[in-house]
Every structure is written in C-alpha cells, then in structure tokens.
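Working notes, structure below.
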Amino acid sequence: MGTLNMLGLAKRVGARFLLTSTSEVYGDPLQHPQVETYWGNVNPIGVRSCYDEGKRTAETLTMDYHRGLNLEVRIARIFNTYGPRMCIDDGRVVSNFVAQALRKEPLTVYGDGKQTRSFQYVSDLVEGLMRLMEGDHVGPFNLGNPGEFTMLELAKVVQDTIDPNAKIEFRPNTEDDPHKRKPDISKAKELLGWAPTVSLSDGLPRMVDDFRQRIFGDENDQTGTSSA
C-alpha cells in the first residue's frame with residue numbers, strides 16, 4: 001500500500017520513483033548466482049511470504065505505472081547490507097552476531113550454518129542507488145556484493161574481529177530459509193558502471209566500532225544516571 005501511495009504521488013508531481021526491492025524476490029533460488037531475469041522460487045503461503053510477495057507485488061505495481069502511465073521508475077533489488085547506525089537488535093544476522101559478540105553472548109546460528117549470504121557495505125549500496133537514479137535504465141538491478149559467505153564463515157569473521165573466544169550456539173532453522181544467496185551484478189557493472197569496493201573484512205570493523213560505542217556508551221550513560 002505504501003508503494004501504491006507513493007506511485008500515485010510520483011504520478012501527480014511528475015517525479016522519478018525509486019523502488020528499493022530485495023533479493024528476497026528470488027525466494028529460495030534454484031539458480032545460483034541470481035540474475036535479474038530469474039523469476040524466483042517463492043512459497044506464496046509460507047511464513048516469509050508476506051515480505052517476499054509484498055516486494056514482488058511492489059515491483060509489479062511499479063512496472064504497471066511505468067508501462068501504463070509512463071511514470072519514470074527505477075528498481076533496485078538490494079542484497080544483505082550492513083554498516084554503522086543499524087538497529088542493534090533488528091534481528092538481521094550481521095547485527096545479531098556483532099551485538100552478541102560484544103555482549104559476550106553466544107552467536108546464534110540457525111540450522112547447520114552452511115546457508116550462504118552476500119554482504120555489502122552501506123556506502124557501496126548508496127553509490128549504487130545514486131547511479132541508478134541518475135542513469136537512464138529502469139532495472140531491475142541487483143545491488144549486492146558477490147562475496148559469498150556461509151553463516152559459519154560470517155561467525156568466524158565476527159569472532160576474528162571482536163572476540164576469538166566467542167561461542168557458537170546452534171538452533172533449529174527457520175521455515176523457508178533460503179539456502180543460497182549471491183547476486184550476479186553483471187548488469188549493474190555494464191549499465192551503471194557500479195561494483196562494490198568495500199570487503200567484509202574492511203567494512204565490519206567500522207560497524208563494530210559504532211555498535212561498541214552505542215552498546216557500552218548507553219550502558220555507561222545509564223550507570224551514570226542511576227548512580228547520580
């Protein structure tokens with residue numbers, strides 16, 4: 001509904017409309033890596049479907065406004081993104097691991113930890129979105145970092161960055177969790193001249209510094225307040 005409302009607004013004022021879609025439109029993909037022409041493999045009645053199908057419907061609405069009403073639109077399919085100023089307890093895997101390691105809690109890995117994701121640093125995403133909006137191509141474009149990590153590999157990077165002694169705790173996997181996720185960014189490279197430049201080993205410490213300041217800074221503030 002939000003997408004529909006914004007499309008109506010863009011039509012009224014003659015604006016160019018950017019839809020930040022998601023790699024979740026590919027569901028649990030049978031094609032690897034995922035290219036923009038792949039239609040996906042989504043369970044329409046699963047526990048994740050409200051998000052997956054919501055974004056797929058948003059893409060449909062955006063293209064209908066483009067074709068039927070000549071609205072200028074751009075579509076980005078965003079893969080996992082991380083960086084400073086993320087919500088500390090938002091439930092995303094990078095946030096979870098970093099916050100847990102800093103708090104000396106076990107890193108929670110769901111399933112066997114062999115499912116893969118790709119992680120791009122926020123500044124790379126911003127650059128991609130700007131190039132998309134300033135260019136002449138509708139998309140959709142995959143915007144993500146093709147570097148692929150299993151959840152156990154990600155946990156190891158977090159351990160190496162924060163606490164080598166951090167424990168890993170395995171829990172039952174969530175329903176319809178995608179087994180693999182990796183963008184093919186050939187289209188973005190060719191038409192937008194874009195590719196990510198920040199590796200996980202470079203970007204993660206920046207996020208850790210921010211999380212450390214906010215987690216322990218908040219605790220210090222609260223301690224000071226209570227003691228006063």
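Letters A, B, ... go to the chains of the structure tokens in the order shown; residues in each chain start at 1; ligands are counted from 1 in the same order.
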### Task
Looking only at helix (DSSP H, G or I) from DSSP on the backbone, list the matching residues of range 141-170 of chain A as a list of chain:residue names.
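Taking range 141-170 of chain A and keeping helix (DSSP H, G or I) only, one gets A:Met151, A:Leu152, A:Glu153, A:Leu154, A:Ala155, A:Lys156, A:Val157, A:Val158, A:Gln159, A:Asp160, A:Thr161.
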Which residues in range 20-182 of chain A does DSSP call strand (DSSP E)? List them as a short mmCIF file (atom, residue, chain, number, x, y, z; two decimals) with all heavy atoms, in the first residue's frame.
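To be explicit, this is the file written out as result_11.cif:
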data_model
loop_
_atom_site.label_atom_id
_atom_site.label_comp_id
_atom_site.auth_asym_id
_atom_site.auth_seq_id
_atom_site.Cartn_x
_atom_site.Cartn_y
_atom_site.Cartn_z
N THR A 20 13.04 0.41 -3.71
CA THR A 20 14.09 -0.42 -3.12
C THR A 20 13.49 -1.79 -2.83
O THR A 20 12.93 -2.03 -1.78
CB THR A 20 14.65 0.22 -1.83
OG1 THR A 20 13.56 0.57 -0.96
CG2 THR A 20 15.44 1.47 -2.15
N SER A 21 13.63 -2.66 -3.82
CA SER A 21 13.15 -4.03 -3.68
C SER A 21 14.24 -4.85 -3.00
O SER A 21 15.13 -4.30 -2.36
CB SER A 21 12.77 -4.59 -5.05
OG SER A 21 12.16 -5.86 -4.93
N THR A 22 14.18 -6.14 -3.14
CA THR A 22 15.02 -7.01 -2.32
C THR A 22 15.40 -8.29 -3.05
O THR A 22 14.68 -8.74 -3.95
CB THR A 22 14.26 -7.39 -1.03
OG1 THR A 22 15.01 -8.38 -0.32
CG2 THR A 22 12.89 -7.97 -1.34
N VAL A 73 10.51 5.26 -13.51
CA VAL A 73 10.76 4.43 -12.34
C VAL A 73 12.14 3.81 -12.42
O VAL A 73 12.73 3.68 -13.51
CB VAL A 73 9.71 3.31 -12.19
CG1 VAL A 73 8.31 3.88 -12.11
CG2 VAL A 73 9.81 2.29 -13.31
N ARG A 74 12.66 3.43 -11.26
CA ARG A 74 13.91 2.68 -11.14
C ARG A 74 13.70 1.61 -10.07
O ARG A 74 13.09 1.88 -9.03
CB ARG A 74 15.07 3.59 -10.72
CG ARG A 74 15.32 4.79 -11.65
CD ARG A 74 15.92 4.35 -12.97
NE ARG A 74 16.27 5.50 -13.80
CZ ARG A 74 15.45 6.04 -14.71
NH1 ARG A 74 14.21 5.55 -14.89
NH2 ARG A 74 15.85 7.06 -15.44
N ILE A 75 14.20 0.40 -10.33
CA ILE A 75 14.03 -0.70 -9.39
C ILE A 75 15.39 -1.28 -9.02
O ILE A 75 16.16 -1.70 -9.90
CB ILE A 75 13.14 -1.82 -9.97
CG1 ILE A 75 11.74 -1.28 -10.31
CG2 ILE A 75 13.03 -2.99 -8.99
CD1 ILE A 75 10.85 -2.29 -11.01
N ALA A 76 15.67 -1.31 -7.72
CA ALA A 76 16.90 -1.93 -7.20
C ALA A 76 16.52 -3.14 -6.35
O ALA A 76 15.62 -3.04 -5.51
CB ALA A 76 17.68 -0.93 -6.35
N ARG A 77 17.17 -4.25 -6.60
CA ARG A 77 16.99 -5.43 -5.75
C ARG A 77 18.21 -5.51 -4.82
O ARG A 77 19.30 -5.87 -5.24
CB ARG A 77 16.87 -6.69 -6.60
CG ARG A 77 15.55 -6.75 -7.35
CD ARG A 77 15.44 -7.96 -8.25
NE ARG A 77 14.15 -7.99 -8.93
CZ ARG A 77 13.89 -8.74 -10.02
NH1 ARG A 77 14.84 -9.53 -10.51
NH2 ARG A 77 12.69 -8.69 -10.57
N ILE A 78 17.98 -5.13 -3.57
CA ILE A 78 19.06 -4.98 -2.61
C ILE A 78 19.34 -6.30 -1.89
O ILE A 78 18.42 -6.92 -1.35
CB ILE A 78 18.71 -3.88 -1.59
CG1 ILE A 78 18.52 -2.53 -2.32
CG2 ILE A 78 19.78 -3.77 -0.52
CD1 ILE A 78 17.99 -1.43 -1.42
N THR A 81 22.74 -5.92 3.43
CA THR A 81 23.56 -4.73 3.61
C THR A 81 23.80 -4.51 5.10
O THR A 81 22.93 -4.77 5.91
CB THR A 81 22.86 -3.50 2.99
OG1 THR A 81 22.55 -3.79 1.61
CG2 THR A 81 23.73 -2.26 3.05
N TYR A 82 25.00 -4.03 5.43
CA TYR A 82 25.35 -3.81 6.84
C TYR A 82 26.15 -2.52 6.95
O TYR A 82 26.63 -1.97 5.95
CB TYR A 82 26.19 -4.98 7.37
CG TYR A 82 27.57 -5.03 6.76
CD1 TYR A 82 28.67 -4.49 7.43
CD2 TYR A 82 27.78 -5.59 5.49
CE1 TYR A 82 29.94 -4.50 6.87
CE2 TYR A 82 29.03 -5.60 4.92
CZ TYR A 82 30.11 -5.06 5.60
OH TYR A 82 31.36 -5.06 5.03
N LEU A 107 26.98 -16.69 19.70
CA LEU A 107 26.47 -16.32 18.38
C LEU A 107 25.45 -17.38 17.95
O LEU A 107 25.78 -18.57 17.89
CB LEU A 107 27.60 -16.24 17.36
CG LEU A 107 28.85 -15.43 17.75
CD1 LEU A 107 29.80 -15.33 16.56
CD2 LEU A 107 28.47 -14.05 18.25
N THR A 108 24.23 -16.97 17.68
CA THR A 108 23.18 -17.93 17.34
C THR A 108 23.19 -18.21 15.84
O THR A 108 22.99 -17.31 15.02
CB THR A 108 21.80 -17.40 17.76
OG1 THR A 108 21.62 -16.08 17.24
CG2 THR A 108 21.67 -17.36 19.26
N VAL A 109 23.44 -19.47 15.51
CA VAL A 109 23.44 -19.93 14.12
C VAL A 109 22.26 -20.86 13.93
O VAL A 109 22.07 -21.81 14.71
CB VAL A 109 24.77 -20.66 13.79
CG1 VAL A 109 24.68 -21.32 12.42
CG2 VAL A 109 25.93 -19.70 13.84
N TYR A 110 21.46 -20.60 12.91
CA TYR A 110 20.26 -21.40 12.67
C TYR A 110 20.56 -22.49 11.64
O TYR A 110 21.21 -22.24 10.63
CB TYR A 110 19.10 -20.51 12.21
CG TYR A 110 18.65 -19.56 13.30
CD1 TYR A 110 19.24 -18.30 13.46
CD2 TYR A 110 17.67 -19.95 14.22
CE1 TYR A 110 18.85 -17.46 14.48
CE2 TYR A 110 17.27 -19.10 15.24
CZ TYR A 110 17.86 -17.85 15.36
OH TYR A 110 17.48 -17.01 16.38
N THR A 116 24.18 -19.69 2.69
CA THR A 116 25.07 -18.59 2.33
C THR A 116 24.31 -17.28 2.13
O THR A 116 23.12 -17.28 1.78
CB THR A 116 25.86 -18.88 1.03
OG1 THR A 116 24.97 -18.89 -0.09
CG2 THR A 116 26.60 -20.20 1.13
N ARG A 117 25.02 -16.19 2.37
CA ARG A 117 24.52 -14.84 2.10
C ARG A 117 25.68 -14.01 1.57
O ARG A 117 26.85 -14.36 1.73
CB ARG A 117 23.96 -14.18 3.37
CG ARG A 117 22.75 -14.85 3.97
CD ARG A 117 21.51 -14.76 3.09
NE ARG A 117 20.35 -15.36 3.75
CZ ARG A 117 20.02 -16.64 3.68
NH1 ARG A 117 20.79 -17.48 3.00
NH2 ARG A 117 18.94 -17.09 4.29
N SER A 118 25.34 -12.89 0.97
CA SER A 118 26.33 -11.94 0.48
C SER A 118 26.11 -10.62 1.21
O SER A 118 24.97 -10.19 1.37
CB SER A 118 26.16 -11.74 -1.04
OG SER A 118 26.26 -12.98 -1.71
N GLN A 120 26.99 -6.54 1.62
CA GLN A 120 27.59 -5.33 1.07
C GLN A 120 27.56 -4.21 2.11
O GLN A 120 26.62 -4.09 2.90
CB GLN A 120 26.87 -4.88 -0.21
CG GLN A 120 25.51 -4.26 -0.01
CD GLN A 120 24.89 -3.78 -1.30
OE1 GLN A 120 25.59 -3.39 -2.22
NE2 GLN A 120 23.58 -3.83 -1.40
N TYR A 121 28.61 -3.40 2.07
CA TYR A 121 28.71 -2.28 3.00
C TYR A 121 27.80 -1.15 2.53
O TYR A 121 27.61 -0.93 1.32
CB TYR A 121 30.15 -1.80 3.08
CG TYR A 121 30.41 -0.83 4.19
CD1 TYR A 121 30.33 -1.24 5.52
CD2 TYR A 121 30.72 0.49 3.93
CE1 TYR A 121 30.57 -0.35 6.57
CE2 TYR A 121 30.97 1.39 4.96
CZ TYR A 121 30.89 0.96 6.28
OH TYR A 121 31.11 1.84 7.30
N PHE A 141 17.86 -3.91 -11.06
CA PHE A 141 19.29 -4.15 -10.91
C PHE A 141 19.56 -4.82 -9.57
O PHE A 141 19.07 -4.36 -8.54
CB PHE A 141 20.07 -2.83 -10.94
CG PHE A 141 20.20 -2.22 -12.31
CD1 PHE A 141 19.30 -1.26 -12.73
CD2 PHE A 141 21.23 -2.60 -13.17
CE1 PHE A 141 19.42 -0.68 -13.98
CE2 PHE A 141 21.36 -2.03 -14.42
CZ PHE A 141 20.45 -1.06 -14.83
N ASN A 142 20.35 -5.89 -9.60
CA ASN A 142 20.88 -6.45 -8.36
C ASN A 142 21.94 -5.51 -7.81
O ASN A 142 22.90 -5.17 -8.52
CB ASN A 142 21.53 -7.81 -8.62
CG ASN A 142 20.53 -8.91 -8.93
OD1 ASN A 142 19.36 -8.82 -8.57
ND2 ASN A 142 20.98 -9.95 -9.60
N LEU A 143 21.77 -5.07 -6.57
CA LEU A 143 22.80 -4.30 -5.88
C LEU A 143 23.23 -5.09 -4.65
O LEU A 143 22.50 -5.18 -3.66
CB LEU A 143 22.27 -2.91 -5.48
CG LEU A 143 21.90 -1.97 -6.64
CD1 LEU A 143 21.45 -0.62 -6.09
CD2 LEU A 143 23.06 -1.79 -7.62
N GLU A 148 30.53 -14.34 -1.21
CA GLU A 148 29.54 -15.25 -0.61
C GLU A 148 30.12 -15.92 0.63
O GLU A 148 31.24 -16.43 0.60
CB GLU A 148 29.14 -16.31 -1.64
CG GLU A 148 28.01 -17.23 -1.21
CD GLU A 148 27.65 -18.24 -2.29
OE1 GLU A 148 28.43 -18.39 -3.26
OE2 GLU A 148 26.60 -18.89 -2.17
N PHE A 149 29.37 -15.88 1.73
CA PHE A 149 29.83 -16.45 2.99
C PHE A 149 28.75 -17.37 3.55
O PHE A 149 27.57 -17.03 3.53
CB PHE A 149 30.09 -15.34 4.03
CG PHE A 149 31.22 -14.42 3.69
CD1 PHE A 149 31.03 -13.36 2.82
CD2 PHE A 149 32.48 -14.62 4.23
CE1 PHE A 149 32.07 -12.50 2.50
CE2 PHE A 149 33.53 -13.77 3.93
CZ PHE A 149 33.33 -12.70 3.06
N THR A 150 29.18 -18.52 4.10
CA THR A 150 28.24 -19.30 4.91
C THR A 150 28.06 -18.57 6.24
O THR A 150 28.87 -17.71 6.62
CB THR A 150 28.75 -20.72 5.18
OG1 THR A 150 29.91 -20.64 6.04
CG2 THR A 150 29.11 -21.44 3.89
N ILE A 168 29.59 -20.42 19.67
CA ILE A 168 28.52 -20.52 18.67
C ILE A 168 27.46 -21.46 19.19
O ILE A 168 27.76 -22.55 19.69
CB ILE A 168 29.06 -21.02 17.32
CG1 ILE A 168 30.00 -19.97 16.69
CG2 ILE A 168 27.92 -21.34 16.36
CD1 ILE A 168 30.62 -20.41 15.40
N GLU A 169 26.21 -21.02 19.12
CA GLU A 169 25.07 -21.81 19.61
C GLU A 169 24.16 -22.12 18.42
O GLU A 169 23.68 -21.22 17.75
CB GLU A 169 24.31 -21.02 20.66
CG GLU A 169 23.14 -21.74 21.28
CD GLU A 169 22.48 -20.89 22.36
OE1 GLU A 169 23.04 -20.77 23.46
OE2 GLU A 169 21.40 -20.31 22.07
N PHE A 170 23.95 -23.40 18.16
CA PHE A 170 23.11 -23.82 17.04
C PHE A 170 21.65 -23.93 17.48
O PHE A 170 21.36 -24.43 18.57
CB PHE A 170 23.59 -25.15 16.47
CG PHE A 170 24.91 -25.05 15.75
CD1 PHE A 170 26.10 -25.25 16.43
CD2 PHE A 170 24.95 -24.76 14.40
CE1 PHE A 170 27.32 -25.15 15.78
CE2 PHE A 170 26.16 -24.66 13.72
CZ PHE A 170 27.35 -24.85 14.42
N ARG A 171 20.77 -23.43 16.62
CA ARG A 171 19.33 -23.52 16.88
C ARG A 171 18.62 -24.06 15.64
O ARG A 171 19.16 -24.00 14.54
CB ARG A 171 18.76 -22.14 17.24
CG ARG A 171 19.30 -21.60 18.56
CD ARG A 171 18.63 -20.31 18.95
NE ARG A 171 19.17 -19.76 20.20
CZ ARG A 171 18.81 -18.61 20.72
NH1 ARG A 171 17.89 -17.86 20.10
NH2 ARG A 171 19.35 -18.18 21.85
#
### Query
Do you have the CA of Ser123 in chain A-CA of Gly83 in chain A distance handy?
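Distance reported for this atom pair: 8.2 Å.
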### Message
Just want the 9 Å neighbourhood of range 88-90 of chain A, counted on only C-alpha atoms, with same-chain residues fewer than 5 positions away dropped. Output as number ranges by chain.
### Response
A: 95-96, 98-99, 211, 214-215
For the selection just defined, write its residues with N, CA, C and O atoms to a file, as a PDB file, in the first residue's frame.
ATOM      1  N   SER A  95      23.915  -7.849  12.441  1.00  0.00           N
ATOM      2  CA  SER A  95      23.626  -7.136  13.687  1.00  0.00           C
ATOM      3  C   SER A  95      23.630  -8.098  14.872  1.00  0.00           C
ATOM      4  O   SER A  95      24.189  -7.802  15.936  1.00  0.00           O
ATOM      5  N   ASN A  96      22.970  -9.241  14.690  1.00  0.00           N
ATOM      6  CA  ASN A  96      22.897 -10.234  15.763  1.00  0.00           C
ATOM      7  C   ASN A  96      24.290 -10.669  16.214  1.00  0.00           C
ATOM      8  O   ASN A  96      24.618 -10.641  17.406  1.00  0.00           O
ATOM      9  N   VAL A  98      27.282  -9.332  15.715  1.00  0.00           N
ATOM     10  CA  VAL A  98      28.125  -8.271  16.280  1.00  0.00           C
ATOM     11  C   VAL A  98      27.676  -7.930  17.701  1.00  0.00           C
ATOM     12  O   VAL A  98      28.490  -7.855  18.631  1.00  0.00           O
ATOM     13  N   ALA A  99      26.365  -7.743  17.889  1.00  0.00           N
ATOM     14  CA  ALA A  99      25.848  -7.392  19.216  1.00  0.00           C
ATOM     15  C   ALA A  99      26.107  -8.520  20.214  1.00  0.00           C
ATOM     16  O   ALA A  99      26.501  -8.282  21.362  1.00  0.00           O
ATOM     17  N   PHE A 211      28.762  -0.056  16.902  1.00  0.00           N
ATOM     18  CA  PHE A 211      27.964  -0.842  17.840  1.00  0.00           C
ATOM     19  C   PHE A 211      28.569  -0.795  19.243  1.00  0.00           C
ATOM     20  O   PHE A 211      27.854  -0.670  20.235  1.00  0.00           O
ATOM     21  N   ARG A 214      27.715   2.482  20.890  1.00  0.00           N
ATOM     22  CA  ARG A 214      26.301   2.622  21.263  1.00  0.00           C
ATOM     23  C   ARG A 214      25.898   1.661  22.376  1.00  0.00           C
ATOM     24  O   ARG A 214      25.136   2.027  23.270  1.00  0.00           O
ATOM     25  N   ILE A 215      26.403   0.433  22.334  1.00  0.00           N
ATOM     26  CA  ILE A 215      26.035  -0.535  23.373  1.00  0.00           C
ATOM     27  C   ILE A 215      26.627  -0.136  24.712  1.00  0.00           C
ATOM     28  O   ILE A 215      25.923  -0.025  25.717  1.00  0.00           O
TER      29      ILE A 215
END
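Proximity ranking of A:Pro29, A:Gly144, A:Gly54, A:Pro44 relative to Asn80 in chain A places A:Gly144 first, based on only C-alpha atoms.
CA of Val94 in chain A sits 16.5 Å away from CA of Asp124 in chain A.
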### Task
Find the residues near Gly135 in chain A: any atom within 10 Å, counting only C-alpha atoms, skip ones fewer than 3 places away on the same chain, and give them as a PyMOL selection string.
chain A and resi 74+129-132+138+191-192
### Among listed residues A:Tyr38, A:Phe97, A:Phe79, A:Tyr65, nearest Val157 in chain A (using only C-alpha atoms)
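Answer, going by the shortest atom-to-atom distance: A:Phe97.
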### Summary
Using only C-alpha atoms, the residue out of A:Gln34, A:Thr3, A:Thr161, A:Ser201 with shortest distance to Lys180 in chain A is A:Gln34
### Query
To one decimal place, how far is CA of Gln100 in chain A from CA of Asp52 in chain A in Å?
27.3 Å
### Query
Pick from A:Gly193, A:Tyr51, A:Ala15, A:Ala188: nearest to Gly139 in chain A, with only C-alpha atoms counted?
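Comparing A:Gly193, A:Tyr51, A:Ala15, A:Ala188 against Gly139 in chain A, the winner is A:Ala188.
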### Task
Rank A:Val122, A:Ala101, A:Glu127, A:Glu190 by their smallest atom-to-atom distance to Asp160 in chain A, using only C-alpha atoms, and report the top residue only.
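Closest to Asp160 in chain A of all the choices is A:Ala101.
When only C-alpha atoms are used to measure the gap to His32 in chain A, the shortest distance among A:Ile45, A:Asp209, A:Pro146, A:Trp194 belongs to A:Pro146.
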### Message
Please list as an NGL selection string every residue within 9 Å of Leu71 in chain A, counting only C-alpha atoms and excluding residues in the same chain fewer than 3 positions away.
### Response
:A and (7 or 10-11 or 14-17 or 62-63 or 65-68)
